[in-house]
Amino acid sequence: MLEVKDLHATVAGKEILKGLSLSVKAGEVHAIMGPNGSGKSTLANVLAGRDNYEITAGSVTFHGKALAELEPEERARLGLFLGFQYPVEIPGVSNMEFLKAALEETRAAQGKEPLDSVTLLRKAREACKQVDLDAQFLKRGVNEGFSGGEKKRNEIMQMLLLEPTLALLDETDSGLDIDALQVVAKGVNSLRSPERAIVLVTHYQRLLDYIVPDKVHVLSGGRIIKSGGKELAHELESRGYAWLTGDAAAENA
Amino acid sequence: MVVHAAELKQAAIQGLTHVTGADGLADFRAHARDTLAAVAFPDRKTEDWKYTSLKALEKDHVRVLAASTDTPALPDLGGTQVVLVNGQIPDLDSLALPAGVIAQPLSSHQDKATTDMVGPFTALNGAALSDGLLLSITAGADVDGLIHIVHVASGTQAASAHPRLVIEVGSNARVTLVEHYIGSSPILTNAVTRIDAHCNSQVTHYRLQSEGSEARHIGLLEFELARDARVTSFQFMQGCALRRNDVHAVMAESGSDLRMKGIFLARGKSHIDNHVCVEHRVPNCESDQVYKGIAGEHGRAVFNGRIHIHDGASGTNAELSNKNLLLSNTAEIDTKPELEIYNDDVKCAHGTTVGQMDATQLFYLRSRGISEIDAKRMLGTGFVNELLLAIPDDAVQAWVTPWLADALTEGL
Ligand SMILES: Nc1ncnc2c1ncn2[C@@H]1O[C@H](COP(=O)(O)OP(=O)(O)OP(=O)(O)O)[C@@H](O)[C@H]1O
Ligand SMILES: [Mg+2]
């Protein structure tokens, strides 16, 4: 579904991804871990097509299409969803108006029939309920004044409505209390299916107790330096990253 | 060819030779002609016109138009319509006005035709005035529905129209007025509107300027608020070849309260200049101005917001804010607050900003499958949304919202 080959990418002219390869197949759940500043969010932003994030070498295909040639909205309509590490606040644009536009345009592009406003509202309310978010949040400005945890739940709520084939969740678990973590995990798990794939960027093994990954990767210095099964996450939890990054001093400390 | 300010003035004066009008306004017209002869037309060195040039005006633009019989399609806001084509007042006897509203030709009350502010264009309006419209709301009336005054600019050649509207809202009366400027004509509309809100009256006023991109519009809007009068004015304006609005409000008696909310858009090559001045002459009045501007492509917007608090005006509470959004780096917005405060016992706040569309917000919307153009439209309307949501009349809100959304999206 997603093939990343020897990807080099720059952010504002500075090379951050330096030969990253990753292959995600339908039905799989991957976890990407790695030190701060290693390039995890950069990868997510490159895949979603953010301005100033430029692919300088290598290739990325999604459902067989070269991502580099697609606008961010085209990628989304193709089934890519990025759950942001820091969802932005958009005062003046209501959550509901936003969801309506997103669903309308995505569904139209996917050849699905449009949802009438009653169905749309019902679905949005259901999605809110699934992530334990009061339906009042639909009326508020997008993420406006939401707490950290509410923002993350709002991301998952959008994901549930948009039903992407590939969900890239960038630290959706950070800043969540244990109850919220379970709610979010339940939401993500409800989307799991043989046709869909999920890539979780996380610092915490804890999330992976609830969403069990098929593969775990370590991203460091702009490349995947190790891949393994779910047990790798446990190993990282107890040993840190130094044994992998070759930073012997840090490991011995 | 750029016409020199002095030549424009000369052409304006010459153009008046064939202008005739209602006898009742003869003295007023003569006086205005004298004033016109005495004042200079603005040029680059005129401080008040620093960012707005008259280069969109040819000599013909100050040529006064003959009456037109054009009857264009009119926007329907469900109110009582009063239509002025090229400034000509309609047959007042045939108007079906709601109870409490009286329409008369301004020539029947020459003394009411004067304004506080008199610049060259106000003088030209007076000098060229065949007749104006005087609407009186009787004391205590609670007028049903909207009074929808539609100003139509009609004609394909450069020329000018000079509507003058005087509205007197009697004590304790309540009324909702819509001043609506439409038409795709290239003529210059040089409009003067004066609204007198008498004691304890309540006025909701809308000024909708949706003329086409070829229009030229110079307008003066005056308010005077008497004791405990409350005026809320919404001003929604689209840029055109030349648009200059002067809004002058006088808090003339204590307890009066003025709220003005405005949105102005300058897209394409359009120009819009708003000069807003609120004068607090007496104690214990409140005024609050919130204006938001958007400029894109080669659009140019100017905002000058002045609060003038006189010596005796203690207990004044005055606020002014102007936030602007630039859609492209070829567009320009110049905004300047001016405070003149001659009293210590006042609360006065003002703020102006110019920002760009937030790239992170734009990306967020697009990452959810929303096209760039729709995302920009959403952010643009989001920027002004608080003002649109504040519109108390549903019919006006339903008309204004899509109009501004379309005007925002156009050419994106
Ligand atoms: N706009 C930018 N300009 C310059 N450098 C940037 C920019 N954005 C990110 N970087 C740099 O790119 C590197 C990778 O950042 P990225 O956000 O991808 O890290 P991360 O792995 O997601 O870290 P974290 O775990 O803290 O979220 C960092 O060194 C960061 O400072
Ligand atoms: Mg990150």
# chains A, B, ... in the order shown; residues from 1 in each chain; ligands from 1
>>> residues_near_ligand(ligand="ligand 2", cutoff="9 Å", atoms="only C-alpha atoms and all ligand atoms", output="list in words")
Asn36, Gly37, Ser38, Gly39, Lys40, Ser41, Thr42, Ala44, Phe84, Gln85, Tyr86, Asp170, Glu171, Val201 and Thr202 of chain A
>>> residues_near_ligand(ligand="ligand 1", cutoff="12 Å", atoms="only C-alpha atoms and all ligand atoms", output="number ranges by chain")
A: 9-18, 32-47, 50-54, 84-86, 169-174, 200-204, 218-224; B: 359-360
>>> interface_residues(of="chain B", to="chain A", cutoff="8 Å", atoms="only C-alpha atoms", output="list in words")
Thr360, Gln361, Phe363, Tyr364, Leu365, Arg366, Ser367, Arg368, Gly369, Ile370, Ser371, Glu372, Met378, Leu379, Thr381, Gly382, Phe383, Val384, Asn385 and Glu386 of chain B
>>> residues_around(residues="stretch 116-128 of chain A", least_positions_apart="4", cutoff="6 Å", atoms="only C-alpha atoms", output="list in words")
Leu133, Ala135 and Met157 of chain A
>>> residues_around(residues="B:Glu338", least_positions_apart="4", cutoff="10 Å", atoms="only C-alpha atoms", output="ChimeraX atom specification")
/B:276-277,304-308,320,350
>>> write_last_selection(atoms="N, CA, C and O atoms", output="mmCIF file, in the first residue's frame")
data_model
loop_
_atom_site.group_PDB
_atom_site.id
_atom_site.type_symbol
_atom_site.label_atom_id
_atom_site.label_comp_id
_atom_site.auth_asym_id
_atom_site.auth_seq_id
_atom_site.Cartn_x
_atom_site.Cartn_y
_atom_site.Cartn_z
ATOM 1 N N VAL B 276 -12.691 56.162 8.942
ATOM 2 C CA VAL B 276 -13.752 56.124 9.941
ATOM 3 C C VAL B 276 -13.358 57.039 11.088
ATOM 4 O O VAL B 276 -12.248 56.952 11.604
ATOM 5 N N CYS B 277 -14.265 57.926 11.459
ATOM 6 C CA CYS B 277 -13.969 58.827 12.562
ATOM 7 C C CYS B 277 -15.154 58.880 13.517
ATOM 8 O O CYS B 277 -16.292 59.051 13.098
ATOM 9 N N ASN B 304 -8.336 53.887 7.930
ATOM 10 C CA ASN B 304 -7.905 54.911 8.856
ATOM 11 C C ASN B 304 -9.005 55.073 9.890
ATOM 12 O O ASN B 304 -10.125 55.428 9.563
ATOM 13 N N GLY B 305 -8.691 54.733 11.113
ATOM 14 C CA GLY B 305 -9.716 54.786 12.160
ATOM 15 C C GLY B 305 -9.348 55.818 13.206
ATOM 16 O O GLY B 305 -8.305 55.728 13.834
ATOM 17 N N ARG B 306 -10.196 56.803 13.342
ATOM 18 C CA ARG B 306 -9.872 57.894 14.239
ATOM 19 C C ARG B 306 -10.898 57.984 15.360
ATOM 20 O O ARG B 306 -12.103 57.901 15.124
ATOM 21 N N ILE B 307 -10.396 58.129 16.560
ATOM 22 C CA ILE B 307 -11.285 58.392 17.686
ATOM 23 C C ILE B 307 -10.901 59.753 18.235
ATOM 24 O O ILE B 307 -9.735 60.001 18.534
ATOM 25 N N HIS B 308 -11.878 60.608 18.327
ATOM 26 C CA HIS B 308 -11.629 61.973 18.783
ATOM 27 C C HIS B 308 -12.475 62.201 20.037
ATOM 28 O O HIS B 308 -13.699 62.235 19.969
ATOM 29 N N LEU B 320 -11.592 50.615 19.092
ATOM 30 C CA LEU B 320 -11.504 50.460 17.653
ATOM 31 C C LEU B 320 -10.501 49.364 17.335
ATOM 32 O O LEU B 320 -9.403 49.328 17.885
ATOM 33 N N HIS B 350 -7.359 50.741 21.100
ATOM 34 C CA HIS B 350 -7.379 50.541 19.659
ATOM 35 C C HIS B 350 -6.277 49.572 19.282
ATOM 36 O O HIS B 350 -5.287 49.422 19.994
#
>>> residues_around(residues="stretch 212-215 of chain A", least_positions_apart="6", cutoff="10 Å", atoms="only C-alpha atoms", output="MDAnalysis selection string")
chainID A and resid 24 27:32 185 189 198:200 205 227:233
>>> write_last_selection(atoms="C-alpha atoms", output="mmCIF file, in the first residue's frame")
data_model
loop_
_atom_site.group_PDB
_atom_site.id
_atom_site.type_symbol
_atom_site.label_atom_id
_atom_site.label_comp_id
_atom_site.auth_asym_id
_atom_site.auth_seq_id
_atom_site.Cartn_x
_atom_site.Cartn_y
_atom_site.Cartn_z
ATOM 1 C CA VAL A 24 3.470 -1.020 4.653
ATOM 2 C CA GLY A 27 -3.971 -4.956 7.051
ATOM 3 C CA GLU A 28 -0.733 -4.135 8.872
ATOM 4 C CA VAL A 29 -0.017 -1.964 11.869
ATOM 5 C CA HIS A 30 3.445 -0.430 12.066
ATOM 6 C CA ALA A 31 4.959 1.519 14.901
ATOM 7 C CA ILE A 32 7.729 4.035 14.385
ATOM 8 C CA ALA A 185 -6.855 2.958 21.064
ATOM 9 C CA ASN A 189 -8.718 -0.556 16.581
ATOM 10 C CA ILE A 198 -2.019 2.050 10.387
ATOM 11 C CA VAL A 199 1.323 3.674 11.127
ATOM 12 C CA LEU A 200 1.757 4.826 14.700
ATOM 13 C CA GLN A 205 5.361 1.210 24.483
ATOM 14 C CA SER A 227 13.021 -3.033 12.378
ATOM 15 C CA GLY A 228 11.522 -5.880 14.328
ATOM 16 C CA GLY A 229 8.357 -7.319 15.850
ATOM 17 C CA LYS A 230 6.379 -5.965 18.762
ATOM 18 C CA GLU A 231 9.014 -7.210 21.198
ATOM 19 C CA LEU A 232 11.389 -4.541 19.861
ATOM 20 C CA ALA A 233 9.233 -1.888 21.508
#
>>> residues_around(residues="B:Asp48", least_positions_apart="3", cutoff="9 Å", atoms="only C-alpha atoms", output="PyMOL selection string")
chain B and resi 42+45+51-52+275+304
>>> write_last_selection(atoms="N, CA, C and O atoms", output="tab-separated table (two decimals), in the first residue's frame")
chain	number	residue	atom	x	y	z
B	42	PRO	N	-8.41	66.40	-3.96
B	42	PRO	CA	-7.23	65.78	-3.33
B	42	PRO	C	-6.22	65.27	-4.35
B	42	PRO	O	-6.60	64.79	-5.41
B	45	LYS	N	-0.52	64.79	-2.30
B	45	LYS	CA	-0.01	65.49	-1.11
B	45	LYS	C	-1.08	65.71	-0.04
B	45	LYS	O	-0.79	66.18	1.05
B	51	TYR	N	-3.10	57.34	0.42
B	51	TYR	CA	-3.02	56.02	-0.21
B	51	TYR	C	-4.05	55.82	-1.30
B	51	TYR	O	-4.18	54.74	-1.86
B	52	THR	N	-4.86	56.84	-1.54
B	52	THR	CA	-5.93	56.68	-2.53
B	52	THR	C	-5.82	57.79	-3.55
B	52	THR	O	-5.91	58.97	-3.21
B	275	HIS	N	-12.21	55.56	5.72
B	275	HIS	CA	-11.80	56.51	6.75
B	275	HIS	C	-12.94	56.60	7.74
B	275	HIS	O	-14.04	57.02	7.37
B	304	ASN	N	-8.34	53.89	7.93
B	304	ASN	CA	-7.91	54.91	8.86
B	304	ASN	C	-9.01	55.07	9.89
B	304	ASN	O	-10.12	55.43	9.56
>>> select_by_dssp(residues="stretch 28-85 of chain A", states="strand (DSSP E or B)", output="list in words")
Val29, His30, Ala31, Ile32, Met33, Tyr53, Glu54, Ile55, Thr56, Ala57, Gly58, Ser59, Val60, Thr61, Phe62, Lys65, Ala66, Leu80, Phe81, Leu82 and Gly83 of chain A
>>> decode(residues="stretch 52-84 of chain A", atoms="N, CA and C atoms", output="mmCIF file, in the first residue's frame")
data_model
loop_
_atom_site.group_PDB
_atom_site.id
_atom_site.type_symbol
_atom_site.label_atom_id
_atom_site.label_comp_id
_atom_site.auth_asym_id
_atom_site.auth_seq_id
_atom_site.Cartn_x
_atom_site.Cartn_y
_atom_site.Cartn_z
ATOM 1 N N ASN A 52 7.097 23.187 1.765
ATOM 2 C CA ASN A 52 8.442 23.301 2.347
ATOM 3 C C ASN A 52 9.084 21.983 2.743
ATOM 4 N N TYR A 53 8.315 20.890 2.637
ATOM 5 C CA TYR A 53 8.890 19.573 2.879
ATOM 6 C C TYR A 53 9.119 18.949 1.514
ATOM 7 N N GLU A 54 10.373 18.927 1.111
ATOM 8 C CA GLU A 54 10.637 18.556 -0.263
ATOM 9 C C GLU A 54 11.361 17.225 -0.392
ATOM 10 N N ILE A 55 10.879 16.398 -1.314
ATOM 11 C CA ILE A 55 11.556 15.131 -1.590
ATOM 12 C C ILE A 55 12.700 15.427 -2.563
ATOM 13 N N THR A 56 13.919 15.105 -2.164
ATOM 14 C CA THR A 56 15.054 15.408 -3.035
ATOM 15 C C THR A 56 15.580 14.164 -3.740
ATOM 16 N N ALA A 57 15.302 12.997 -3.183
ATOM 17 C CA ALA A 57 15.700 11.750 -3.848
ATOM 18 C C ALA A 57 14.848 10.622 -3.302
ATOM 19 N N GLY A 58 14.817 9.501 -4.042
ATOM 20 C CA GLY A 58 14.039 8.351 -3.622
ATOM 21 C C GLY A 58 12.603 8.458 -4.090
ATOM 22 N N SER A 59 11.770 7.520 -3.661
ATOM 23 C CA SER A 59 10.389 7.535 -4.145
ATOM 24 C C SER A 59 9.416 7.120 -3.054
ATOM 25 N N VAL A 60 8.190 7.603 -3.208
ATOM 26 C CA VAL A 60 7.106 7.204 -2.313
ATOM 27 C C VAL A 60 5.890 6.897 -3.166
ATOM 28 N N THR A 61 5.408 5.685 -3.066
ATOM 29 C CA THR A 61 4.153 5.393 -3.761
ATOM 30 C C THR A 61 3.114 4.975 -2.743
ATOM 31 N N PHE A 62 1.875 5.353 -3.044
ATOM 32 C CA PHE A 62 0.740 5.020 -2.185
ATOM 33 C C PHE A 62 -0.353 4.495 -3.106
ATOM 34 N N HIS A 63 -0.812 3.290 -2.853
ATOM 35 C CA HIS A 63 -1.746 2.628 -3.775
ATOM 36 C C HIS A 63 -1.214 2.705 -5.206
ATOM 37 N N GLY A 64 0.090 2.566 -5.337
ATOM 38 C CA GLY A 64 0.705 2.541 -6.660
ATOM 39 C C GLY A 64 0.914 3.906 -7.303
ATOM 40 N N LYS A 65 0.482 4.976 -6.640
ATOM 41 C CA LYS A 65 0.651 6.317 -7.227
ATOM 42 C C LYS A 65 1.835 7.037 -6.592
ATOM 43 N N ALA A 66 2.566 7.803 -7.417
ATOM 44 C CA ALA A 66 3.700 8.570 -6.888
ATOM 45 C C ALA A 66 3.149 9.735 -6.072
ATOM 46 N N LEU A 67 3.409 9.726 -4.783
ATOM 47 C CA LEU A 67 2.833 10.755 -3.906
ATOM 48 C C LEU A 67 3.339 12.155 -4.222
ATOM 49 N N ALA A 68 4.585 12.235 -4.637
ATOM 50 C CA ALA A 68 5.202 13.543 -4.858
ATOM 51 C C ALA A 68 4.411 14.388 -5.855
ATOM 52 N N GLU A 69 3.679 13.711 -6.740
ATOM 53 C CA GLU A 69 2.955 14.461 -7.767
ATOM 54 C C GLU A 69 1.570 14.903 -7.320
ATOM 55 N N LEU A 70 1.201 14.510 -6.114
ATOM 56 C CA LEU A 70 -0.166 14.816 -5.673
ATOM 57 C C LEU A 70 -0.207 15.950 -4.657
ATOM 58 N N GLU A 71 -1.274 16.737 -4.755
ATOM 59 C CA GLU A 71 -1.520 17.791 -3.769
ATOM 60 C C GLU A 71 -1.955 17.133 -2.457
ATOM 61 N N PRO A 72 -1.821 17.843 -1.342
ATOM 62 C CA PRO A 72 -2.226 17.263 -0.054
ATOM 63 C C PRO A 72 -3.666 16.717 -0.073
ATOM 64 N N GLU A 73 -4.581 17.501 -0.697
ATOM 65 C CA GLU A 73 -5.979 17.057 -0.696
ATOM 66 C C GLU A 73 -6.178 15.806 -1.548
ATOM 67 N N GLU A 74 -5.351 15.673 -2.615
ATOM 68 C CA GLU A 74 -5.480 14.484 -3.460
ATOM 69 C C GLU A 74 -5.007 13.242 -2.706
ATOM 70 N N ARG A 75 -3.984 13.425 -1.888
ATOM 71 C CA ARG A 75 -3.484 12.310 -1.083
ATOM 72 C C ARG A 75 -4.552 11.874 -0.089
ATOM 73 N N ALA A 76 -5.199 12.884 0.512
ATOM 74 C CA ALA A 76 -6.247 12.573 1.487
ATOM 75 C C ALA A 76 -7.394 11.819 0.821
ATOM 76 N N ARG A 77 -7.750 12.258 -0.375
ATOM 77 C CA ARG A 77 -8.871 11.626 -1.073
ATOM 78 C C ARG A 77 -8.528 10.210 -1.505
ATOM 79 N N LEU A 78 -7.223 9.966 -1.645
ATOM 80 C CA LEU A 78 -6.759 8.628 -2.000
ATOM 81 C C LEU A 78 -6.751 7.716 -0.767
ATOM 82 N N GLY A 79 -7.012 8.302 0.391
ATOM 83 C CA GLY A 79 -7.138 7.465 1.591
ATOM 84 C C GLY A 79 -6.040 7.644 2.620
ATOM 85 N N LEU A 80 -5.255 8.713 2.480
ATOM 86 C CA LEU A 80 -4.196 8.961 3.458
ATOM 87 C C LEU A 80 -4.710 9.912 4.548
ATOM 88 N N PHE A 81 -4.444 9.560 5.771
ATOM 89 C CA PHE A 81 -4.868 10.430 6.872
ATOM 90 C C PHE A 81 -3.698 10.660 7.810
ATOM 91 N N LEU A 82 -3.426 11.925 8.102
ATOM 92 C CA LEU A 82 -2.376 12.251 9.064
ATOM 93 C C LEU A 82 -3.006 12.777 10.348
ATOM 94 N N GLY A 83 -2.785 12.058 11.420
ATOM 95 C CA GLY A 83 -3.194 12.573 12.730
ATOM 96 C C GLY A 83 -2.039 13.404 13.245
ATOM 97 N N PHE A 84 -2.255 14.711 13.390
ATOM 98 C CA PHE A 84 -1.149 15.630 13.687
ATOM 99 C C PHE A 84 -0.647 15.520 15.124
#
